[in-house]
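*Asks:* The following block contains the structure, expressed as structure tokens.
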Amino acid sequence: MKGLFFVIGLLMIVECSMAQVSLPNTIYAKYTDDAIQLDGRLDEPVWENAVRISNFTQRELNVGEPATEKTEVAIVYTANTLYIGFWGFDREPDNLVAREMKRDFNWGVEDNFEVIIDTYDDDRNGFLFVINPNGARADAQILNNGRSFNKFWNGVWDTRTAITNEGWFAEIAIPFSTLKFKTNLDQQVWGINFERNIRRKREQLLWQGWSRDSELELVNRAGTLTDLDNIKSKTFIEIKPYSIGGAELTPEKSEEQLNAGGDINYLITPTLRMNLTINTDFAQVEADRQQINLTRFPLFFPERREFFLEGQDYFDMGMGNRIIPFYSRRIGLAEDRSTVPIIAGARVLGKMGNTTLGALSMQTVSRDSIPSTNYTVVSWRQDVLKQSSIGILSANKYENGRWHSTTGGYGLYSMSELFGDKNLNIGASFTQNINSDDFDARANAHRIYLSYPNDKVEFDMAWQRSATPFNPEVGFLRRENFQEFYTELEWKPRPKNHFKWIRQFSFKGLDMNYFIFDDTGELQSFFYEIRPLGFETRSGESFEFNLQRRAEGLREPFEITEGIVIPEGEYWYNRMEIQAATFSGRNFALDTYFNWGNFFKGKSTQSAFELSWRTSRYLKIAANYEKNWIDLPEGSFDTDLIGNRIEYAVNPNLFGSLFSQWNSEDEEVLLNFRLQWIPIIGADFFFIVNQAYDTSGNSWTLERTTILGKLIWRFVI
């Protein structure tokens with residue numbers, strides 16, 4: 001035991017001594033009255049006089065080593081705007097990886113520059129801004145020190161870039177009105193951090209917090225931005241009206257579609273925003289990606305509407321993805337995913353001191369047999385200790401004089417300094433159904449979990465339960481009447497002396513999900529996986545080989561497809577799986593998946609392929625194909641799902657896509673064409689064409705065509 005304690009103590013000393021702070025860790029902003037031309041050239045005198053930081057350190061591939069390409073950042077500001085200057089020197093500018101230009105591009109495969117700003121200076125929340133050498137922009141809100149990542153937030157800001165024979169350079173302009181911060185201070189002190197990715201080298205550089213157990217989103221490891229004197233967040237009212245026009249055409253008739261509505265945004269305080277929406281419309285939202293269901297559990301479709309995505313992290317109580325107390329797709333969408341119009345709604349999101357608040361109330365119209373319904377969700381979260389929190393959430397529905405509520409509380413203990421720089425999360429959640437027409441104390445669900453998410457060793461475990469009568473009418477259950485016991489242990493060493501072409505191995509000896517019926521304790525499902533070999537190469541390719549043991553306990557016969565029914569009983573079987581992918585940042589990229597073996601009392605093979613071709617920064621073509629072969633004693637069948645996607649961009653403010661999909665279950669082709677134009681920052685024009693074809697015969701039969709144009713403008717008063 002003494003030897004064990006000695007080793008643990010030694011490890012703690014070694015871990016604590018790992019430097020994550022690169023001095024200087026403070027960047028000083030410089031005030032200017034001069035106009036700055038946003039062109040990416042950085043040739044104004046103020047940039048020459050600004051204090052630049054250049055002490056960037058590798059997180060990948062060679063942790064702790066200096067940057068191989070000179071990188072500098074400086075910050076200046078005016079009364080209304082924060083400007084960030086970036087000097088990305090590169091000895092091979094012709095080899096920059098920059099193939100996207102659209103808004104909210106996929107920055108994980110591009111050369112890029114990222115900035116995260118913790119305006120609250122609370123070491124928990126931040127605003128993330130990302131650009132690439134083409135001037136493409138992306139942004140996100142970071143909550144709970146990186147545990148919540150809302151990439152659907154769209155701030156009002158702009159950037160310009162320039163590529164020369166010395167590298168690529170950029171200017172970023174962020175109005176202070178886009179950022180929420182305390183205004184009762186003479187001088188602002190914010191957390192800030194920067195990241196640069198040199199994709200051809202797979203090199204990732206951070207200014208601060210460059211440990212492999214850290215990421216840019218861990219704002220508690222950021223540096224400091226200071227010398228922002230006497231700035232104020234401008235109080236304003238933002239009005240965003242929309243108008244929409246078009247038609248829906250079918251072989252039998254044509255129907256015009258004209259509509260108008262809009263949003264009003266108002267800052268109640270510098271850190272708390274209210275949003276009012278009238279006649280809310282989501283015509284510009286891309287169609288759901290089709291899925292083929294070979295289980296007896298319902299399919300989950302993620303939210304795609306920006307209005308709900310922007311605030312979804314405020315209404316997350318940490319219950320995972322099997323028990324979801326608030327599922328925003330219940331609002332404005334019927335069970336068949338058809339639209340239920342929204343009359344109006346109100347939303348309040350923000351932070352006051354150590355309290356994070358979220359409130360949402362929406363009223364839908366009556367449609368066919370669906371009554372007019374009010375949905376109201378309230379969330380309160382309180383910061384406690386250094387990185388932890390407690391909170392409550394209540395999701396409510398009122399229709400036809402009946403009130404339903406799913407209300408509960410949760411807590412999270414989190415730290416990122418275990419053994420020096422390791423991450424640990426421990427949490428618990430509880431929620432209860434309350435109905436005006438009856439009350440069942442057993443109608444509840446809860447979850448307890450522990451997560452140790454670190455670079456070399458990752459360990460997770462959880463227990464959760466959804467009691468038999470629990471039914472969150474404004475939420476979603478992937479399965480009902482269950483208890484789940486989950487644990488996973490993954491070891492991810494990085495070779496040093498041998499296999500130097502491998503960046504990181506992945507070995508998994510434990511990955512178990514054990515489900516039982518809550519009312520009887522009998523088997524519902526079982527999944528166990530071991531991974532004898534998995535790795536990612538230094539060039540970005542990846543491979544996994546997995547062995548699986550599965551089981552299903554059927555209480556009643558299960559119709560897996562039309563005419564084929566699996567009898568009730570308990571089924572145990574073994575499967576194998578291979579996953580392989582090339583680096584997605586290449587011009588050509590391939591992602592494959594094979595899973596084969598026993599299936600109930602028969603056999604099945606599942607396969608999936610996705611191929612993408614980036615022809616240039618203006619065009620990307622991708623295609624995917626999924627195939628299932630099922631051979632059971634009760635019958636045999638196969639399924640197909642085909643999709644393809646063409647993305648194009650003329651410039652960072654004019655881009656779109658053509659998306660098509662077909663599956664053998666529905667025998668219907670869905671086409672979605674989408675064009676987005678940003679005439680000024682904050683305004684949008686969309687042109688959308690949706691078509692559906694019936695393929696059940698020997699030819700395509702056009703069922704319907706929808707053509708829409710939608711204009712959203714922004715006024716500030």
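Ligands are numbered from 1 in the order shown, chains are lettered A, B, ... in the order of the structure tokens, and residues start at 1 in each chain.
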Skipping near chain neighbours, those fewer than 2 positions away, what residues fall within 7 Å of Leu424 of chain A using only C-alpha atoms, listed as a PyMOL selection string?
*Replies:* chain A and resi 414-416+422+426+451-453
*Asks:* For Asp591 of chain A, work out the shell of residues within 9 Å, counting only C-alpha atoms and skipping chain neighbours fewer than 3 positions away, then give it as an NGL selection string.
*Replies:* :A and (579-584 or 608-612)
*Asks:* Using the selection just defined, write its residues with C-alpha atoms as a PDB file, in the first residue's frame.
*Replies:*
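The result, stored in selection-v4.pdb:
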ATOM      1  CA  GLN A 579     -15.114   1.087 -39.265  1.00  0.00           C
ATOM      2  CA  ALA A 580     -12.560   2.863 -41.445  1.00  0.00           C
ATOM      3  CA  ALA A 581     -12.201   6.386 -42.765  1.00  0.00           C
ATOM      4  CA  THR A 582      -9.700   8.517 -44.613  1.00  0.00           C
ATOM      5  CA  PHE A 583      -8.886  12.045 -43.450  1.00  0.00           C
ATOM      6  CA  SER A 584     -11.959  14.139 -44.195  1.00  0.00           C
ATOM      7  CA  ALA A 608     -22.605   2.087 -45.035  1.00  0.00           C
ATOM      8  CA  PHE A 609     -20.396   4.155 -47.331  1.00  0.00           C
ATOM      9  CA  GLU A 610     -19.954   7.892 -47.609  1.00  0.00           C
ATOM     10  CA  LEU A 611     -17.758   9.432 -50.291  1.00  0.00           C
ATOM     11  CA  SER A 612     -17.022  13.138 -50.568  1.00  0.00           C
TER      12      SER A 612
END
*Asks:* Write down as a PyMOL selection string the residues of segment 250-430 of chain A whose backbone DSSP state falls under strand (DSSP E or B).
*Replies:* chain A and resi 254-269+272-278+323-324+333+339+342-352+355-364+367+370+373-384+388-399+402-418+422-430
*Asks:* Compile the contact shell of Thr271 of chain A as a short mmCIF file (atom, residue, chain, number, x, y, z; two decimals) with C-alpha atoms, in the first residue's frame: residues with an atom at most 12 Å away, counting only C-alpha atoms, same-chain residues fewer than 5 positions apart removed.
*Replies:*
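Contents of the output file part09.cif:
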data_model
loop_
_atom_site.label_atom_id
_atom_site.label_comp_id
_atom_site.auth_asym_id
_atom_site.auth_seq_id
_atom_site.Cartn_x
_atom_site.Cartn_y
_atom_site.Cartn_z
CA THR A 119 -17.01 38.03 -21.42
CA TYR A 120 -18.48 37.09 -18.03
CA PHE A 176 -19.84 44.98 -28.60
CA SER A 177 -23.63 44.67 -29.01
CA THR A 178 -23.07 41.05 -30.11
CA LEU A 179 -21.33 40.23 -26.83
CA LYS A 180 -23.05 40.08 -23.46
CA PHE A 181 -21.02 41.44 -20.53
CA LYS A 182 -21.34 43.34 -17.28
CA THR A 183 -21.45 47.10 -17.80
CA ASN A 184 -21.02 48.31 -14.21
CA LYS A 232 -20.63 49.73 -22.90
CA SER A 233 -22.96 47.26 -24.48
CA LYS A 234 -25.34 49.35 -26.54
CA THR A 235 -28.95 48.95 -25.46
CA TYR A 266 -34.54 43.32 -26.64
CA VAL A 348 -35.80 34.94 -22.30
CA LEU A 349 -32.19 33.70 -22.22
CA GLY A 350 -29.16 34.96 -20.38
CA LYS A 351 -27.15 35.20 -17.23
CA MET A 352 -27.41 37.42 -14.16
CA GLY A 353 -24.49 37.10 -11.79
CA ASN A 354 -24.06 33.40 -11.06
CA THR A 355 -27.56 32.54 -12.28
CA THR A 356 -28.37 31.30 -15.81
CA LEU A 357 -32.01 31.73 -16.81
#
*Asks:* Would you mind listing what lies within 10 Å of Val285 of chain A as a list in words, with only C-alpha atoms counted and same-chain residues fewer than 2 positions away left out?
*Replies:*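 Using only C-alpha atoms, the neighbours found are Asp281, Phe282, Ala283, Ala287, Asp288, Arg304, Arg305, Glu306, Asn672, Arg674, Phe686 and Ile688 of chain A.
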*Asks:* So that I can check the surroundings of Arg367 of chain A, please list as a list in words every protein, DNA and RNA residue that reaches within 12 Å of it, counting only C-alpha atoms and ignoring chain neighbours fewer than 6 positions away.
*Replies:*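 The neighbour list is Gly332, Leu333, Ala334, Ser338, Thr339, Val340, Pro341, Ile342 and Thr373 of chain A.
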*Asks:* Using N, CA, C and O atoms, can you export the residues from the last selection as a short mmCIF file (atom, residue, chain, number, x, y, z; two decimals), in the first residue's frame?
*Replies:*
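Saved the output as result.cif:
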data_model
loop_
_atom_site.label_atom_id
_atom_site.label_comp_id
_atom_site.auth_asym_id
_atom_site.auth_seq_id
_atom_site.Cartn_x
_atom_site.Cartn_y
_atom_site.Cartn_z
N GLY A 332 -44.79 22.75 -32.74
CA GLY A 332 -44.89 23.11 -34.15
C GLY A 332 -44.71 21.97 -35.12
O GLY A 332 -44.70 22.20 -36.34
N LEU A 333 -44.57 20.74 -34.63
CA LEU A 333 -44.44 19.58 -35.51
C LEU A 333 -45.32 18.47 -34.98
O LEU A 333 -45.28 18.15 -33.78
N ALA A 334 -46.11 17.86 -35.85
CA ALA A 334 -46.95 16.73 -35.47
C ALA A 334 -46.12 15.44 -35.46
O ALA A 334 -44.94 15.43 -35.82
N SER A 338 -45.25 16.70 -39.90
CA SER A 338 -45.88 17.80 -40.63
C SER A 338 -45.95 19.03 -39.74
O SER A 338 -45.88 18.94 -38.51
N THR A 339 -46.12 20.19 -40.36
CA THR A 339 -46.06 21.46 -39.64
C THR A 339 -47.38 21.79 -38.96
O THR A 339 -48.45 21.65 -39.55
N VAL A 340 -47.28 22.24 -37.71
CA VAL A 340 -48.40 22.81 -36.97
C VAL A 340 -48.05 24.28 -36.75
O VAL A 340 -47.10 24.59 -36.02
N PRO A 341 -48.75 25.23 -37.38
CA PRO A 341 -48.35 26.65 -37.30
C PRO A 341 -48.28 27.17 -35.87
O PRO A 341 -49.06 26.80 -35.00
N ILE A 342 -47.30 28.05 -35.65
CA ILE A 342 -47.09 28.71 -34.35
C ILE A 342 -47.63 30.13 -34.43
O ILE A 342 -47.24 30.90 -35.31
N THR A 373 -52.37 24.56 -28.60
CA THR A 373 -51.62 24.12 -27.42
C THR A 373 -50.61 25.17 -27.01
O THR A 373 -49.97 25.80 -27.86
#
*Asks:* Would you mind listing what lies within 12 Å of Ile448 of chain A as an NGL selection string, with only C-alpha atoms counted and same-chain residues fewer than 4 positions away left out?
*Replies:* :A and (317-320 or 410-413 or 425-430 or 460-465 or 483-487)
*Asks:* Given the selection you just returned, output its residues as a file containing N, CA, C and O atoms, formatted as a compact mmCIF listing (two decimals), in the first residue's frame.
*Replies:*
# COMPACT_ATOMS: atom_id res chain seq x y z
N MET A 317 -31.00 19.24 -18.81
CA MET A 317 -30.76 18.95 -17.41
C MET A 317 -29.88 17.73 -17.19
O MET A 317 -29.90 17.11 -16.13
N GLY A 318 -29.09 17.37 -18.20
CA GLY A 318 -28.07 16.36 -18.01
C GLY A 318 -28.58 14.94 -17.88
O GLY A 318 -27.94 14.11 -17.23
N MET A 319 -29.71 14.62 -18.55
CA MET A 319 -30.25 13.26 -18.45
C MET A 319 -29.84 12.38 -19.62
O MET A 319 -30.37 11.29 -19.80
N GLY A 320 -28.91 12.86 -20.44
CA GLY A 320 -28.45 12.04 -21.55
C GLY A 320 -29.39 12.08 -22.72
O GLY A 320 -30.26 12.95 -22.83
N TYR A 410 -31.46 19.00 -10.94
CA TYR A 410 -30.22 18.31 -11.31
C TYR A 410 -29.04 19.01 -10.66
O TYR A 410 -29.12 20.18 -10.24
N GLY A 411 -27.95 18.31 -10.59
CA GLY A 411 -26.72 18.86 -10.05
C GLY A 411 -25.51 18.27 -10.75
O GLY A 411 -25.55 17.14 -11.23
N LEU A 412 -24.46 19.05 -10.86
CA LEU A 412 -23.23 18.60 -11.52
C LEU A 412 -22.03 19.08 -10.72
O LEU A 412 -21.90 20.28 -10.44
N TYR A 413 -21.17 18.14 -10.34
CA TYR A 413 -19.88 18.49 -9.77
C TYR A 413 -18.84 18.25 -10.85
O TYR A 413 -18.72 17.15 -11.40
N ASN A 425 -16.38 14.62 -14.09
CA ASN A 425 -17.75 15.11 -13.95
C ASN A 425 -18.58 14.07 -13.22
O ASN A 425 -18.55 12.88 -13.57
N ILE A 426 -19.33 14.50 -12.21
CA ILE A 426 -20.25 13.63 -11.48
C ILE A 426 -21.58 14.37 -11.41
O ILE A 426 -21.63 15.53 -10.98
N GLY A 427 -22.65 13.71 -11.84
CA GLY A 427 -23.93 14.40 -11.88
C GLY A 427 -25.10 13.51 -11.53
O GLY A 427 -25.00 12.27 -11.53
N ALA A 428 -26.23 14.14 -11.24
CA ALA A 428 -27.47 13.43 -10.94
C ALA A 428 -28.64 14.29 -11.38
O ALA A 428 -28.58 15.53 -11.31
N SER A 429 -29.73 13.63 -11.84
CA SER A 429 -30.93 14.33 -12.29
C SER A 429 -32.16 13.55 -11.84
O SER A 429 -32.14 12.31 -11.76
N PHE A 430 -33.24 14.28 -11.58
CA PHE A 430 -34.51 13.67 -11.22
C PHE A 430 -35.63 14.51 -11.81
O PHE A 430 -35.59 15.74 -11.73
N ASP A 460 -16.46 6.01 -18.19
CA ASP A 460 -17.80 6.53 -17.97
C ASP A 460 -18.66 5.45 -17.34
O ASP A 460 -18.51 4.26 -17.65
N MET A 461 -19.56 5.86 -16.48
CA MET A 461 -20.53 4.93 -15.93
C MET A 461 -21.80 5.71 -15.58
O MET A 461 -21.75 6.90 -15.27
N ALA A 462 -22.94 5.02 -15.66
CA ALA A 462 -24.21 5.69 -15.37
C ALA A 462 -25.26 4.65 -15.03
O ALA A 462 -25.20 3.49 -15.46
N TRP A 463 -26.22 5.07 -14.23
CA TRP A 463 -27.45 4.31 -14.00
C TRP A 463 -28.61 5.26 -14.20
O TRP A 463 -28.61 6.38 -13.68
N GLN A 464 -29.58 4.83 -15.00
CA GLN A 464 -30.75 5.66 -15.21
C GLN A 464 -32.00 4.80 -15.25
O GLN A 464 -31.94 3.61 -15.58
N ARG A 465 -33.11 5.44 -14.92
CA ARG A 465 -34.37 4.70 -14.81
C ARG A 465 -35.52 5.57 -15.29
O ARG A 465 -35.61 6.74 -14.95
N GLN A 483 -34.62 0.33 -16.93
CA GLN A 483 -33.44 0.73 -16.19
C GLN A 483 -32.23 0.39 -17.04
O GLN A 483 -32.19 -0.66 -17.69
N GLU A 484 -31.25 1.26 -17.03
CA GLU A 484 -30.03 1.02 -17.79
C GLU A 484 -28.82 1.11 -16.87
O GLU A 484 -28.69 2.04 -16.08
N PHE A 485 -27.93 0.12 -17.02
CA PHE A 485 -26.64 0.12 -16.34
C PHE A 485 -25.57 0.22 -17.42
O PHE A 485 -25.48 -0.64 -18.31
N TYR A 486 -24.79 1.29 -17.36
CA TYR A 486 -23.84 1.57 -18.44
C TYR A 486 -22.45 1.81 -17.87
O TYR A 486 -22.29 2.48 -16.84
N THR A 487 -21.44 1.27 -18.53
CA THR A 487 -20.06 1.56 -18.17
C THR A 487 -19.18 1.36 -19.40
O THR A 487 -19.46 0.52 -20.26
*Asks:* What lies within 6 Å of Asn595 of chain A using only C-alpha atoms, ignoring chain neighbours under 3 positions off, as a list in words?
*Replies:*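 What passes the distance filter is Met576, Glu577, Thr605 and Gln606 of chain A.
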*Asks:* Restricting it to C-alpha atoms, dump the selection as a short mmCIF file (atom, residue, chain, number, x, y, z; two decimals), in the first residue's frame.
*Replies:*
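Final output, saved to part.cif:
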data_model
loop_
_atom_site.label_atom_id
_atom_site.label_comp_id
_atom_site.auth_asym_id
_atom_site.auth_seq_id
_atom_site.Cartn_x
_atom_site.Cartn_y
_atom_site.Cartn_z
CA MET A 576 -18.37 -8.09 -35.51
CA GLU A 577 -17.77 -4.61 -36.81
CA THR A 605 -25.10 -7.64 -42.53
CA GLN A 606 -25.15 -3.87 -42.31
#
*Asks:* Atom CA of Leu554 of chain A to atom CA of Phe599 of chain A: how many Å, to one decimal?
*Replies:* 13.6 Å
*Asks:* Can you list every residue in segment 108-246 of chain A that DSSP puts in helix (DSSP H, G or I), as a list of chain:residue names?
*Replies:*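 Those residues are A:Gly108, A:Val109, A:Phe176, A:Ser177, A:Thr178, A:Arg199, A:Arg200, A:Lys201, A:Val219, A:Asn220, A:Arg221.
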*Asks:* From the options A:Arg531, A:Arg442, A:Arg575, A:Arg296, which residue's atoms come nearest to Arg555 of chain A, counting only C-alpha atoms?
*Replies:*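 Among the listed residues, A:Arg296 lies closest to Arg555 of chain A.
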*Asks:* May I ask which of the residues A:Glu473, A:Arg91, A:Asn374, A:Ser361 is the closest one to His404 of chain A, counting only C-alpha atoms?
*Replies:*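 Closest candidate: A:Glu473.
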